[in-house]
>>> print(open('run.cif').read())   # mmCIF, C-alpha atoms and all ligand atoms
data_data
loop_
_atom_site.group_PDB
_atom_site.id
_atom_site.type_symbol
_atom_site.label_atom_id
_atom_site.label_comp_id
_atom_site.auth_asym_id
_atom_site.auth_seq_id
_atom_site.Cartn_x
_atom_site.Cartn_y
_atom_site.Cartn_z
ATOM 1 C CA MET J 434 49.684 126.954 86.242
ATOM 2 C CA SER J 435 52.361 128.385 88.541
ATOM 3 C CA GLU J 436 53.888 125.977 91.042
ATOM 4 C CA SER J 437 53.395 128.324 93.966
ATOM 5 C CA THR J 438 49.628 127.991 93.745
ATOM 6 C CA LEU J 439 49.698 124.220 93.508
ATOM 7 C CA PRO J 440 48.866 122.044 96.502
ATOM 8 C CA ARG J 441 51.814 120.481 98.322
ATOM 9 C CA HIS J 442 49.779 117.484 99.401
ATOM 10 C CA VAL J 443 46.946 115.872 97.415
ATOM 11 C CA ALA J 444 44.831 113.111 98.997
ATOM 12 C CA ILE J 445 42.498 110.968 96.891
ATOM 13 C CA ILE J 446 39.636 108.547 97.497
ATOM 14 C CA MET J 447 39.816 106.432 94.356
ATOM 15 C CA ASP J 448 36.181 105.444 93.926
ATOM 16 C CA GLY J 449 34.093 103.981 91.109
ATOM 17 C CA ASN J 450 36.153 101.020 89.883
ATOM 18 C CA GLY J 451 33.158 98.696 90.230
ATOM 19 C CA ARG J 452 30.746 101.014 88.417
ATOM 20 C CA TRP J 453 33.302 101.643 85.659
ATOM 21 C CA ALA J 454 33.466 97.880 85.082
ATOM 22 C CA LYS J 455 29.686 97.424 85.290
ATOM 23 C CA GLN J 456 29.167 100.093 82.625
ATOM 24 C CA ARG J 457 31.337 97.981 80.331
ATOM 25 C CA LEU J 458 29.718 94.675 81.343
ATOM 26 C CA LEU J 459 33.039 93.615 82.849
ATOM 27 C CA PRO J 460 33.699 91.933 86.203
ATOM 28 C CA ARG J 461 34.532 94.272 89.098
ATOM 29 C CA ALA J 462 38.100 92.939 89.041
ATOM 30 C CA ALA J 463 38.598 94.551 85.631
ATOM 31 C CA GLY J 464 37.692 97.891 87.208
ATOM 32 C CA HIS J 465 40.318 97.467 89.917
ATOM 33 C CA LYS J 466 42.905 96.459 87.335
ATOM 34 C CA ALA J 467 42.124 99.587 85.320
ATOM 35 C CA GLY J 468 42.332 101.473 88.624
ATOM 36 C CA VAL J 469 45.978 100.501 88.984
ATOM 37 C CA GLU J 470 46.692 102.046 85.587
ATOM 38 C CA ALA J 471 45.003 105.260 86.756
ATOM 39 C CA VAL J 472 47.274 105.218 89.825
ATOM 40 C CA ARG J 473 50.290 105.039 87.486
ATOM 41 C CA GLN J 474 49.022 107.972 85.418
ATOM 42 C CA VAL J 475 48.280 110.134 88.450
ATOM 43 C CA ILE J 476 51.673 109.403 90.035
ATOM 44 C CA LYS J 477 53.335 110.383 86.751
ATOM 45 C CA ALA J 478 51.312 113.601 86.553
ATOM 46 C CA CYS J 479 52.147 114.467 90.186
ATOM 47 C CA VAL J 480 55.856 114.006 89.477
ATOM 48 C CA GLU J 481 55.572 116.291 86.444
ATOM 49 C CA LYS J 482 53.646 118.882 88.446
ATOM 50 C CA LYS J 483 56.153 118.648 91.319
ATOM 51 C CA ILE J 484 53.455 117.862 93.855
ATOM 52 C CA GLU J 485 55.273 116.891 97.067
ATOM 53 C CA ILE J 486 52.897 114.305 98.548
ATOM 54 C CA LEU J 487 50.170 112.091 97.096
ATOM 55 C CA THR J 488 48.057 110.059 99.524
ATOM 56 C CA LEU J 489 45.831 107.344 98.047
ATOM 57 C CA PHE J 490 43.044 105.489 99.852
ATOM 58 C CA ALA J 491 43.539 101.971 98.487
ATOM 59 C CA PHE J 492 41.669 99.901 101.059
ATOM 60 C CA SER J 493 39.527 101.086 103.935
ATOM 61 C CA SER J 494 38.937 99.254 107.188
ATOM 62 C CA GLU J 495 35.344 98.812 105.955
ATOM 63 C CA ASN J 496 36.405 97.178 102.657
ATOM 64 C CA TRP J 497 36.795 93.792 104.408
ATOM 65 C CA ARG J 498 32.985 93.599 104.212
ATOM 66 C CA ARG J 499 33.168 93.024 100.440
ATOM 67 C CA PRO J 500 32.755 89.520 98.975
ATOM 68 C CA VAL J 501 35.756 87.379 99.874
ATOM 69 C CA GLN J 502 36.743 86.878 96.207
ATOM 70 C CA GLU J 503 36.922 90.630 95.679
ATOM 71 C CA VAL J 504 38.980 91.174 98.841
ATOM 72 C CA ASN J 505 41.348 88.393 97.738
ATOM 73 C CA TYR J 506 41.617 89.885 94.259
ATOM 74 C CA LEU J 507 42.491 93.292 95.715
ATOM 75 C CA MET J 508 45.141 91.754 97.973
ATOM 76 C CA ASP J 509 46.702 89.929 94.986
ATOM 77 C CA LEU J 510 46.587 93.163 93.014
ATOM 78 C CA PHE J 511 48.449 95.031 95.782
ATOM 79 C CA VAL J 512 51.103 92.295 95.941
ATOM 80 C CA SER J 513 51.586 92.246 92.183
ATOM 81 C CA ALA J 514 51.598 96.063 91.936
ATOM 82 C CA LEU J 515 54.314 96.235 94.600
ATOM 83 C CA GLU J 516 56.256 93.417 93.027
ATOM 84 C CA HIS J 517 56.288 95.127 89.634
ATOM 85 C CA GLU J 518 56.224 98.817 90.474
ATOM 86 C CA ALA J 519 58.339 99.335 93.597
ATOM 87 C CA LYS J 520 61.625 99.229 91.700
ATOM 88 C CA LYS J 521 60.301 101.530 88.953
ATOM 89 C CA LEU J 522 59.092 104.025 91.534
ATOM 90 C CA HIS J 523 62.476 103.862 93.259
ATOM 91 C CA GLU J 524 64.209 104.655 89.958
ATOM 92 C CA GLN J 525 62.082 107.790 89.754
ATOM 93 C CA ASN J 526 63.251 108.887 93.227
ATOM 94 C CA ILE J 527 59.725 108.313 94.623
ATOM 95 C CA LYS J 528 59.339 107.489 98.305
ATOM 96 C CA LEU J 529 56.615 104.980 99.170
ATOM 97 C CA SER J 530 54.992 104.630 102.531
ATOM 98 C CA PHE J 531 51.916 102.921 103.924
ATOM 99 C CA ILE J 532 49.529 104.004 106.648
ATOM 100 C CA GLY J 533 46.918 101.798 108.275
ATOM 101 C CA ASP J 534 46.685 98.678 110.392
ATOM 102 C CA ARG J 535 48.783 96.039 108.632
ATOM 103 C CA SER J 536 48.132 93.296 111.148
ATOM 104 C CA ARG J 537 45.297 91.746 109.094
ATOM 105 C CA PHE J 538 47.350 91.429 105.929
ATOM 106 C CA THR J 539 49.216 88.305 104.881
ATOM 107 C CA GLU J 540 52.866 87.898 105.747
ATOM 108 C CA LYS J 541 53.678 88.187 102.045
ATOM 109 C CA LEU J 542 51.906 91.523 101.573
ATOM 110 C CA ARG J 543 53.413 92.940 104.778
ATOM 111 C CA HIS J 544 56.826 91.861 103.542
ATOM 112 C CA TYR J 545 56.338 93.631 100.176
ATOM 113 C CA MET J 546 55.161 96.795 101.912
ATOM 114 C CA LEU J 547 58.142 96.889 104.259
ATOM 115 C CA ASP J 548 60.539 96.095 101.424
ATOM 116 C CA ALA J 549 59.157 98.921 99.274
ATOM 117 C CA GLU J 550 59.386 101.349 102.195
ATOM 118 C CA ARG J 551 62.983 100.346 102.934
ATOM 119 C CA LEU J 552 64.004 100.486 99.284
ATOM 120 C CA THR J 553 62.637 104.000 98.789
ATOM 121 C CA ALA J 554 63.222 105.422 102.292
ATOM 122 C CA ASP J 555 65.977 107.863 101.296
ATOM 123 C CA ASN J 556 64.341 109.101 98.092
ATOM 124 C CA THR J 557 63.731 112.824 97.887
ATOM 125 C CA GLY J 558 61.111 113.103 95.138
ATOM 126 C CA LEU J 559 57.341 112.632 95.306
ATOM 127 C CA ILE J 560 56.120 110.921 98.494
ATOM 128 C CA VAL J 561 53.363 108.418 97.750
ATOM 129 C CA VAL J 562 51.425 107.415 100.855
ATOM 130 C CA ILE J 563 49.108 104.459 100.428
ATOM 131 C CA ALA J 564 46.361 104.042 102.996
ATOM 132 C CA VAL J 565 45.605 100.352 103.479
ATOM 133 C CA ASN J 566 43.213 98.956 106.076
ATOM 134 C CA TYR J 567 43.095 102.562 107.136
ATOM 135 C CA GLY J 568 40.355 104.397 108.987
ATOM 136 C CA GLY J 569 40.486 107.976 110.222
ATOM 137 C CA GLN J 570 38.785 107.013 113.488
ATOM 138 C CA TRP J 571 41.314 104.219 113.991
ATOM 139 C CA ASP J 572 44.170 106.708 113.391
ATOM 140 C CA ILE J 573 42.828 109.159 116.000
ATOM 141 C CA CYS J 574 42.053 106.329 118.424
ATOM 142 C CA GLU J 575 45.624 104.967 118.159
ATOM 143 C CA ALA J 576 47.016 108.459 118.792
ATOM 144 C CA MET J 577 44.753 108.774 121.850
ATOM 145 C CA ARG J 578 45.859 105.353 123.078
ATOM 146 C CA GLN J 579 49.511 106.466 122.949
ATOM 147 C CA LEU J 580 48.630 109.661 124.807
ATOM 148 C CA ALA J 581 46.681 107.712 127.437
ATOM 149 C CA VAL J 582 49.785 105.593 128.088
ATOM 150 C CA GLU J 583 51.929 108.733 128.376
ATOM 151 C CA ILE J 584 49.461 110.184 130.873
ATOM 152 C CA GLU J 585 49.298 106.902 132.823
ATOM 153 C CA GLU J 586 53.072 106.866 133.018
ATOM 154 C CA GLY J 587 53.178 110.466 134.191
ATOM 155 C CA ARG J 588 55.016 111.802 131.123
ATOM 156 C CA LEU J 589 52.125 114.148 130.304
ATOM 157 C CA THR J 590 49.203 115.571 132.268
ATOM 158 C CA SER J 591 45.644 115.837 130.991
ATOM 159 C CA GLN J 592 45.923 119.614 131.411
ATOM 160 C CA GLN J 593 48.879 119.765 128.994
ATOM 161 C CA LEU J 594 47.016 117.909 126.245
ATOM 162 C CA SER J 595 46.662 119.994 123.048
ATOM 163 C CA PRO J 596 45.656 119.317 119.423
ATOM 164 C CA GLN J 597 49.373 119.291 118.576
ATOM 165 C CA HIS J 598 49.890 116.292 120.866
ATOM 166 C CA ILE J 599 47.268 114.372 118.887
ATOM 167 C CA GLU J 600 48.591 115.526 115.503
ATOM 168 C CA ASP J 601 52.126 114.436 116.412
ATOM 169 C CA ARG J 602 50.939 110.882 117.080
ATOM 170 C CA LEU J 603 48.860 110.325 113.933
ATOM 171 C CA THR J 604 50.220 108.031 111.216
ATOM 172 C CA THR J 605 50.808 111.159 109.099
ATOM 173 C CA ALA J 606 52.706 113.076 111.814
ATOM 174 C CA HIS J 607 55.720 113.555 109.544
ATOM 175 C CA LEU J 608 53.654 115.133 106.731
ATOM 176 C CA PRO J 609 51.867 118.444 106.188
ATOM 177 C CA PRO J 610 48.067 117.980 105.997
ATOM 178 C CA PRO J 611 46.462 117.590 102.550
ATOM 179 C CA ASP J 612 45.780 120.908 100.803
ATOM 180 C CA LEU J 613 43.497 119.253 98.279
ATOM 181 C CA PHE J 614 41.193 116.267 98.747
ATOM 182 C CA ILE J 615 39.737 114.554 95.672
ATOM 183 C CA ARG J 616 36.993 111.938 95.513
ATOM 184 C CA THR J 617 35.964 110.394 92.231
ATOM 185 C CA SER J 618 32.709 108.781 91.091
ATOM 186 C CA GLY J 619 30.187 111.321 92.351
ATOM 187 C CA GLU J 620 30.078 110.369 96.036
ATOM 188 C CA GLN J 621 30.428 113.379 98.316
ATOM 189 C CA ARG J 622 31.659 111.835 101.551
ATOM 190 C CA ILE J 623 34.928 111.601 103.481
ATOM 191 C CA SER J 624 34.172 107.945 104.371
ATOM 192 C CA ASN J 625 36.471 107.713 107.411
ATOM 193 C CA PHE J 626 39.547 108.795 105.408
ATOM 194 C CA LEU J 627 41.954 111.335 106.954
ATOM 195 C CA LEU J 628 39.384 112.784 109.372
ATOM 196 C CA TRP J 629 41.717 114.942 111.440
ATOM 197 C CA GLN J 630 44.070 115.866 108.617
ATOM 198 C CA LEU J 631 41.337 117.125 106.250
ATOM 199 C CA ALA J 632 40.225 119.885 108.662
ATOM 200 C CA TYR J 633 41.285 122.719 106.316
ATOM 201 C CA SER J 634 41.606 120.904 102.992
ATOM 202 C CA GLU J 635 39.818 122.036 99.852
ATOM 203 C CA LEU J 636 37.346 119.330 98.852
ATOM 204 C CA TYR J 637 36.962 118.424 95.173
ATOM 205 C CA PHE J 638 34.376 115.947 93.951
ATOM 206 C CA THR J 639 34.091 114.704 90.388
ATOM 207 C CA ASN J 640 31.669 112.313 88.709
ATOM 208 C CA VAL J 641 34.499 110.659 86.767
ATOM 209 C CA PHE J 642 35.101 107.038 87.789
ATOM 210 C CA TRP J 643 38.598 106.346 89.123
ATOM 211 C CA PRO J 644 39.822 104.294 86.100
ATOM 212 C CA ASP J 645 39.041 107.330 83.903
ATOM 213 C CA PHE J 646 40.905 109.747 86.164
ATOM 214 C CA GLY J 647 44.286 110.724 84.691
ATOM 215 C CA ALA J 648 46.525 113.727 84.054
ATOM 216 C CA GLU J 649 43.722 115.742 82.446
ATOM 217 C CA GLU J 650 41.305 115.200 85.333
ATOM 218 C CA LEU J 651 44.038 115.964 87.855
ATOM 219 C CA GLU J 652 44.654 119.221 86.026
ATOM 220 C CA LYS J 653 40.965 120.150 86.512
ATOM 221 C CA ALA J 654 41.220 119.417 90.244
ATOM 222 C CA LEU J 655 44.379 121.526 90.484
ATOM 223 C CA ALA J 656 42.679 124.388 88.638
ATOM 224 C CA PHE J 657 39.777 124.171 91.112
ATOM 225 C CA TYR J 658 42.290 124.377 93.964
ATOM 226 C CA THR J 659 44.108 127.341 92.473
ATOM 227 C CA ASN J 660 40.843 129.264 92.216
ATOM 228 C CA ARG J 661 39.955 128.757 95.881
ATOM 229 C CA GLU J 662 40.954 131.211 98.519
ATOM 230 C CA ARG J 663 42.076 129.406 101.649
ATOM 231 C CA ARG J 664 41.295 131.486 104.717
ATOM 232 C CA PHE J 665 42.108 129.213 107.682
ATOM 233 C CA GLY J 666 39.590 131.182 109.784
ATOM 234 C CA TYR J 667 40.916 134.648 108.793
ATOM 235 C CA THR J 668 38.841 137.180 106.853
ATOM 236 C CA SER J 669 39.585 137.857 103.184
ATOM 237 C CA ASP J 670 40.929 141.334 104.030
ATOM 238 C CA GLN J 671 43.339 139.968 106.623
ATOM 239 C CA LEU J 672 44.843 137.657 104.037
ATOM 240 C CA LYS J 673 45.403 140.528 101.598
ATOM 241 C CA VAL J 674 47.742 142.467 103.940
HETATM 242 C C1 LIG K 1 36.910 101.835 94.895
HETATM 243 O O1 LIG K 1 36.106 101.424 93.837
HETATM 244 C C2 LIG K 1 38.221 101.237 94.855
HETATM 245 C C3 LIG K 1 38.769 100.375 95.777
HETATM 246 C C4 LIG K 1 38.098 99.906 96.984
HETATM 247 C C5 LIG K 1 40.112 99.835 95.594
HETATM 248 C C6 LIG K 1 41.129 100.818 95.128
HETATM 249 C C7 LIG K 1 42.211 100.098 94.518
HETATM 250 C C8 LIG K 1 42.820 100.431 93.369
HETATM 251 C C9 LIG K 1 42.560 101.630 92.571
HETATM 252 C C10 LIG K 1 43.835 99.533 92.848
HETATM 253 C C11 LIG K 1 45.191 99.520 93.351
HETATM 254 C C12 LIG K 1 45.782 100.609 94.103
HETATM 255 C C13 LIG K 1 47.106 100.657 94.384
HETATM 256 C C14 LIG K 1 47.619 101.741 95.245
HETATM 257 C C15 LIG K 1 48.077 99.685 93.828
HETATM 258 P P1 LIG K 1 34.806 100.605 94.185
HETATM 259 O O2 LIG K 1 35.136 99.172 94.078
HETATM 260 O O3 LIG K 1 34.287 101.039 95.513
HETATM 261 O O4 LIG K 1 33.848 101.037 93.048
HETATM 262 P P2 LIG K 1 32.248 101.143 93.130
HETATM 263 O O5 LIG K 1 31.935 102.134 94.221
HETATM 264 O O6 LIG K 1 31.878 101.629 91.784
HETATM 265 O O7 LIG K 1 31.738 99.780 93.422
#
>>> encode(input="run.cif", output="C-alpha cells", more="lines below")
Ligand code: FPP
Amino acid sequence: MSESTLPRHVAIIMDGNGRWAKQRLLPRAAGHKAGVEAVRQVIKACVEKKIEILTLFAFSSENWRRPVQEVNYLMDLFVSALEHEAKKLHEQNIKLSFIGDRSRFTEKLRHYMLDAERLTADNTGLIVVIAVNYGGQWDICEAMRQLAVEIEEGRLTSQQLSPQHIEDRLTTAHLPPPDLFIRTSGEQRISNFLLWQLAYSELYFTNVFWPDFGAEELEKALAFYTNRERRFGYTSDQLKV
C-alpha cells in the first residue's frame, strides 16, 4: 500500500475487552490486560506504516460509572503501562500526549502522564494521543468557555466567532483531524469521542474485539480507507481535475 494513500491520523475506540474476556470465561480485567498488548501491537504497526498520529480512547468520561473495582483496575493498568512503556516509547522516538480532564485522576497517575509527556516532548516520530477521562462534548464546552472569557474581556466579538476559533481551542488544536476512525467490537457509535474532529473522517467498524486487533486488522482498516474517495463536500468530478 503506498504511503500517500495512507491516513495521517488514525483514531480508535478500543472496545470489546470485556466481551473478549467473557468469551474465554476470564474476568474482565484479563480483557483489559490483553487490550494493553493490542495497544503495543497497533503502535508498532503504525510506526512501521509511518502513520503520523494515533489517537486512542482509553477511558471515557462515562467510564467512571463502571464498578469501582474495574475502574481501579484500569487506573492501575494505566499507571503500570506508563511506568513500563514510557521509556521504551521514548527510545522509539514516539511522542506521547494525553487529552481529557485529568483533575479526577490520582496524583500518581497525573505525575506519570506529565512525566511521559515531558520525556517524549521533543520526539519527532509517531504521535500517540491517549484520551483519558475525555468526552467530545466536554472538549467543545471547554473551548466555548475559553471563547466566552475572550468575548467577556473584549478580545473577541460574537460577530467574529468562526468554526476556526473553536477548532483552535480544542485539546487537539495542534493536530490535523483524524482521517480514519476505527471502532472495534461491532458497536457503530461515536460515543462522545472526538465529536468535532471526526466531521470528515472515514468511519470503519469491525466486529473484532480490541484484544484481537493487531497489525493484520489495522491493515484491513487501512485498505478500507485507501478505497474510499474523500470528497469534503466537492463532487467526484471536481476532485478529478
Ligand atoms: C473497552 O472495552 C475498553 C476500555 C474501557 C478500556 C480501554 C483500555 C485498554 C485497552 C487498556 C490500556 C490502554 C492504554 C492506552 C494503556 P469494554 O470494557 O467496554 O469491553 P465490553 O464492551 O466488551 O464490555
>>> residues_around(input="run.cif", residues="Pro610 of chain J", least_positions_apart="3", cutoff="8 Å", atoms="all atoms listed in the file", output="list of chain:residue names")
J:His442, J:Thr605, J:Gln630, J:Leu631, J:Ser634
>>> atom_distance(input="run.cif", atom1="atom CA of Trp453 of chain J", atom2="atom CA of Gly619 of chain J")
12.2 Å
>>> resolve_selection(input="run.cif", expression="the PyMOL selection byres (((not hetatm)) within 8 of (chain K and resi 1))", output="NGL selection string")
:J and (446-454 or 461 or 464-469 or 471-472 or 489-493 or 496 or 507 or 510-511 or 514-515 or 563 or 618 or 642-644)
>>> closest_residue(input="run.cif", among="J:Val480, J:Ile623, J:Leu589, J:Leu580", to="Gly568 of chain J", atoms="all atoms listed in the file")
J:Ile623
>>> residues_near_point(input="run.cif", point="(44.9, 118.5, 103.7)", cutoff="10 Å", atoms="only C-alpha atoms", output="ChimeraX atom specification")
/J:440-444,488,608-614,627-636
>>> atom_distance(input="run.cif", atom1="atom CA of Ser536 of chain J", atom2="atom CA of Glu550 of chain J")
16.5 Å
>>> atom_distance(input="run.cif", atom1="atom CA of Arg661 of chain J", atom2="atom CA of Ala564 of chain J")
26.5 Å
>>> closest_residue(input="run.cif", among="J:Arg588, J:Arg473, J:Arg664, J:Arg498", to="Lys521 of chain J", atoms="only C-alpha atoms")
J:Arg473
>>> closest_residue(input="run.cif", among="J:Leu655, J:Ile615, J:Leu594, J:Val565", to="Gly533 of chain J", atoms="only C-alpha atoms")
J:Val565
>>> resolve_selection(input="run.cif", expression="the PyMOL selection byres (((chain J and resi 652) around 12) and not hetatm)", output="PDB file with C-alpha atoms, keeping the file's coordinate frame")
ATOM      1  CA  MET J 434      49.684 126.954  86.242  1.00  0.00           C
ATOM      2  CA  LEU J 439      49.698 124.220  93.508  1.00  0.00           C
ATOM      3  CA  PRO J 440      48.866 122.044  96.502  1.00  0.00           C
ATOM      4  CA  VAL J 475      48.280 110.134  88.450  1.00  0.00           C
ATOM      5  CA  ALA J 478      51.312 113.601  86.553  1.00  0.00           C
ATOM      6  CA  CYS J 479      52.147 114.467  90.186  1.00  0.00           C
ATOM      7  CA  GLU J 481      55.572 116.291  86.444  1.00  0.00           C
ATOM      8  CA  LYS J 482      53.646 118.882  88.446  1.00  0.00           C
ATOM      9  CA  ILE J 484      53.455 117.862  93.855  1.00  0.00           C
ATOM     10  CA  ILE J 615      39.737 114.554  95.672  1.00  0.00           C
ATOM     11  CA  TYR J 637      36.962 118.424  95.173  1.00  0.00           C
ATOM     12  CA  PHE J 646      40.905 109.747  86.164  1.00  0.00           C
ATOM     13  CA  GLY J 647      44.286 110.724  84.691  1.00  0.00           C
ATOM     14  CA  ALA J 648      46.525 113.727  84.054  1.00  0.00           C
ATOM     15  CA  GLU J 649      43.722 115.742  82.446  1.00  0.00           C
ATOM     16  CA  GLU J 650      41.305 115.200  85.333  1.00  0.00           C
ATOM     17  CA  LEU J 651      44.038 115.964  87.855  1.00  0.00           C
ATOM     18  CA  LYS J 653      40.965 120.150  86.512  1.00  0.00           C
ATOM     19  CA  ALA J 654      41.220 119.417  90.244  1.00  0.00           C
ATOM     20  CA  LEU J 655      44.379 121.526  90.484  1.00  0.00           C
ATOM     21  CA  ALA J 656      42.679 124.388  88.638  1.00  0.00           C
ATOM     22  CA  PHE J 657      39.777 124.171  91.112  1.00  0.00           C
ATOM     23  CA  TYR J 658      42.290 124.377  93.964  1.00  0.00           C
ATOM     24  CA  THR J 659      44.108 127.341  92.473  1.00  0.00           C
TER      25      THR J 659
END
>>> resolve_selection(input="run.cif", expression="the PyMOL selection byres (((chain J and resi 595-603) around 7) and not hetatm)", output="PDB file with C-alpha atoms, keeping the file's coordinate frame")
ATOM      1  CA  ASP J 572      44.170 106.708 113.391  1.00  0.00           C
ATOM      2  CA  ILE J 573      42.828 109.159 116.000  1.00  0.00           C
ATOM      3  CA  ALA J 576      47.016 108.459 118.792  1.00  0.00           C
ATOM      4  CA  MET J 577      44.753 108.774 121.850  1.00  0.00           C
ATOM      5  CA  GLN J 593      48.879 119.765 128.994  1.00  0.00           C
ATOM      6  CA  LEU J 594      47.016 117.909 126.245  1.00  0.00           C
ATOM      7  CA  THR J 604      50.220 108.031 111.216  1.00  0.00           C
ATOM      8  CA  THR J 605      50.808 111.159 109.099  1.00  0.00           C
ATOM      9  CA  ALA J 606      52.706 113.076 111.814  1.00  0.00           C
TER      10      ALA J 606
END
>>> axis_aligned_box(input="run.cif", around="segment 466-481 of chain J", padding_each_side="5 Å", output="AutoDock Vina command-line options")
--center_x 49.0 --center_y 106.4 --center_z 87.8 --size_x 23.7 --size_y 29.8 --size_z 14.9
>>> closest_residue(input="run.cif", among="J:Thr553, J:Thr617, J:Asn505, J:Thr539", to="Leu522 of chain J", atoms="only C-alpha atoms")
J:Thr553
>>> closest_residue(input="run.cif", among="J:Arg457, J:Val512, J:Val561, J:Gln671", to="Glu540 of chain J", atoms="only C-alpha atoms")
J:Val512
>>> residues_around(input="run.cif", residues="Lys528 of chain J", least_positions_apart="4", cutoff="7 Å", atoms="only C-alpha atoms", output="list in words")
His523, Thr553, Ala554, Asn556, Thr557, Gly558, Leu559, Ile560 and Val561 of chain J
>>> write_last_selection(input="run.cif", atoms="C-alpha atoms", output="mmCIF file, in the frame of the given file")
data_model
loop_
_atom_site.group_PDB
_atom_site.id
_atom_site.type_symbol
_atom_site.label_atom_id
_atom_site.label_comp_id
_atom_site.auth_asym_id
_atom_site.auth_seq_id
_atom_site.Cartn_x
_atom_site.Cartn_y
_atom_site.Cartn_z
ATOM 1 C CA HIS J 523 62.476 103.862 93.259
ATOM 2 C CA THR J 553 62.637 104.000 98.789
ATOM 3 C CA ALA J 554 63.222 105.422 102.292
ATOM 4 C CA ASN J 556 64.341 109.101 98.092
ATOM 5 C CA THR J 557 63.731 112.824 97.887
ATOM 6 C CA GLY J 558 61.111 113.103 95.138
ATOM 7 C CA LEU J 559 57.341 112.632 95.306
ATOM 8 C CA ILE J 560 56.120 110.921 98.494
ATOM 9 C CA VAL J 561 53.363 108.418 97.750
#
>>> closest_residue(input="run.cif", among="J:Asn625, J:Gln502, J:Gln456, J:Thr668", to="Tyr567 of chain J", atoms="only C-alpha atoms")
J:Asn625
>>> build_atoms(input="run.cif", residues="segment 453-467 of chain J", atoms="N, CA, C and O atoms", output="PDB file, keeping the file's coordinate frame")
ATOM      1  N   TRP J 453      32.608 101.520  86.951  1.00  0.00           N
ATOM      2  CA  TRP J 453      33.302 101.643  85.659  1.00  0.00           C
ATOM      3  C   TRP J 453      33.231 100.303  84.925  1.00  0.00           C
ATOM      4  O   TRP J 453      32.944 100.244  83.733  1.00  0.00           O
ATOM      5  N   ALA J 454      33.483  99.220  85.685  1.00  0.00           N
ATOM      6  CA  ALA J 454      33.466  97.880  85.082  1.00  0.00           C
ATOM      7  C   ALA J 454      32.039  97.501  84.665  1.00  0.00           C
ATOM      8  O   ALA J 454      31.809  96.992  83.567  1.00  0.00           O
ATOM      9  N   LYS J 455      31.086  97.790  85.552  1.00  0.00           N
ATOM     10  CA  LYS J 455      29.686  97.424  85.290  1.00  0.00           C
ATOM     11  C   LYS J 455      29.184  98.084  83.992  1.00  0.00           C
ATOM     12  O   LYS J 455      28.517  97.448  83.176  1.00  0.00           O
ATOM     13  N   GLN J 456      29.554  99.356  83.830  1.00  0.00           N
ATOM     14  CA  GLN J 456      29.167 100.093  82.625  1.00  0.00           C
ATOM     15  C   GLN J 456      29.643  99.397  81.357  1.00  0.00           C
ATOM     16  O   GLN J 456      29.051  99.514  80.304  1.00  0.00           O
ATOM     17  N   ARG J 457      30.746  98.666  81.486  1.00  0.00           N
ATOM     18  CA  ARG J 457      31.337  97.981  80.331  1.00  0.00           C
ATOM     19  C   ARG J 457      31.018  96.488  80.328  1.00  0.00           C
ATOM     20  O   ARG J 457      31.646  95.726  79.585  1.00  0.00           O
ATOM     21  N   LEU J 458      30.101  96.095  81.195  1.00  0.00           N
ATOM     22  CA  LEU J 458      29.718  94.675  81.343  1.00  0.00           C
ATOM     23  C   LEU J 458      30.919  93.802  81.663  1.00  0.00           C
ATOM     24  O   LEU J 458      31.020  92.660  81.206  1.00  0.00           O
ATOM     25  N   LEU J 459      31.833  94.351  82.457  1.00  0.00           N
ATOM     26  CA  LEU J 459      33.039  93.615  82.849  1.00  0.00           C
ATOM     27  C   LEU J 459      32.940  93.240  84.321  1.00  0.00           C
ATOM     28  O   LEU J 459      32.199  93.871  85.075  1.00  0.00           O
ATOM     29  N   PRO J 460      33.690  92.240  84.765  1.00  0.00           N
ATOM     30  CA  PRO J 460      33.699  91.933  86.203  1.00  0.00           C
ATOM     31  C   PRO J 460      34.351  93.072  86.991  1.00  0.00           C
ATOM     32  O   PRO J 460      35.187  93.809  86.441  1.00  0.00           O
ATOM     33  N   ARG J 461      33.996  93.191  88.264  1.00  0.00           N
ATOM     34  CA  ARG J 461      34.532  94.272  89.098  1.00  0.00           C
ATOM     35  C   ARG J 461      36.069  94.279  89.106  1.00  0.00           C
ATOM     36  O   ARG J 461      36.698  95.319  89.166  1.00  0.00           O
ATOM     37  N   ALA J 462      36.635  93.056  89.025  1.00  0.00           N
ATOM     38  CA  ALA J 462      38.100  92.939  89.041  1.00  0.00           C
ATOM     39  C   ALA J 462      38.728  93.761  87.912  1.00  0.00           C
ATOM     40  O   ALA J 462      39.790  94.370  88.099  1.00  0.00           O
ATOM     41  N   ALA J 463      38.056  93.797  86.763  1.00  0.00           N
ATOM     42  CA  ALA J 463      38.598  94.551  85.631  1.00  0.00           C
ATOM     43  C   ALA J 463      38.661  96.038  85.973  1.00  0.00           C
ATOM     44  O   ALA J 463      39.570  96.760  85.537  1.00  0.00           O
ATOM     45  N   GLY J 464      37.701  96.487  86.772  1.00  0.00           N
ATOM     46  CA  GLY J 464      37.692  97.891  87.208  1.00  0.00           C
ATOM     47  C   GLY J 464      38.879  98.181  88.111  1.00  0.00           C
ATOM     48  O   GLY J 464      39.532  99.223  87.984  1.00  0.00           O
ATOM     49  N   HIS J 465      39.183  97.253  89.014  1.00  0.00           N
ATOM     50  CA  HIS J 465      40.318  97.467  89.917  1.00  0.00           C
ATOM     51  C   HIS J 465      41.634  97.449  89.138  1.00  0.00           C
ATOM     52  O   HIS J 465      42.538  98.225  89.420  1.00  0.00           O
ATOM     53  N   LYS J 466      41.685  96.546  88.152  1.00  0.00           N
ATOM     54  CA  LYS J 466      42.905  96.459  87.335  1.00  0.00           C
ATOM     55  C   LYS J 466      43.118  97.789  86.587  1.00  0.00           C
ATOM     56  O   LYS J 466      44.225  98.329  86.558  1.00  0.00           O
ATOM     57  N   ALA J 467      42.030  98.299  86.020  1.00  0.00           N
ATOM     58  CA  ALA J 467      42.124  99.587  85.320  1.00  0.00           C
ATOM     59  C   ALA J 467      42.456 100.697  86.325  1.00  0.00           C
ATOM     60  O   ALA J 467      43.101 101.692  85.981  1.00  0.00           O
TER      61      ALA J 467
END
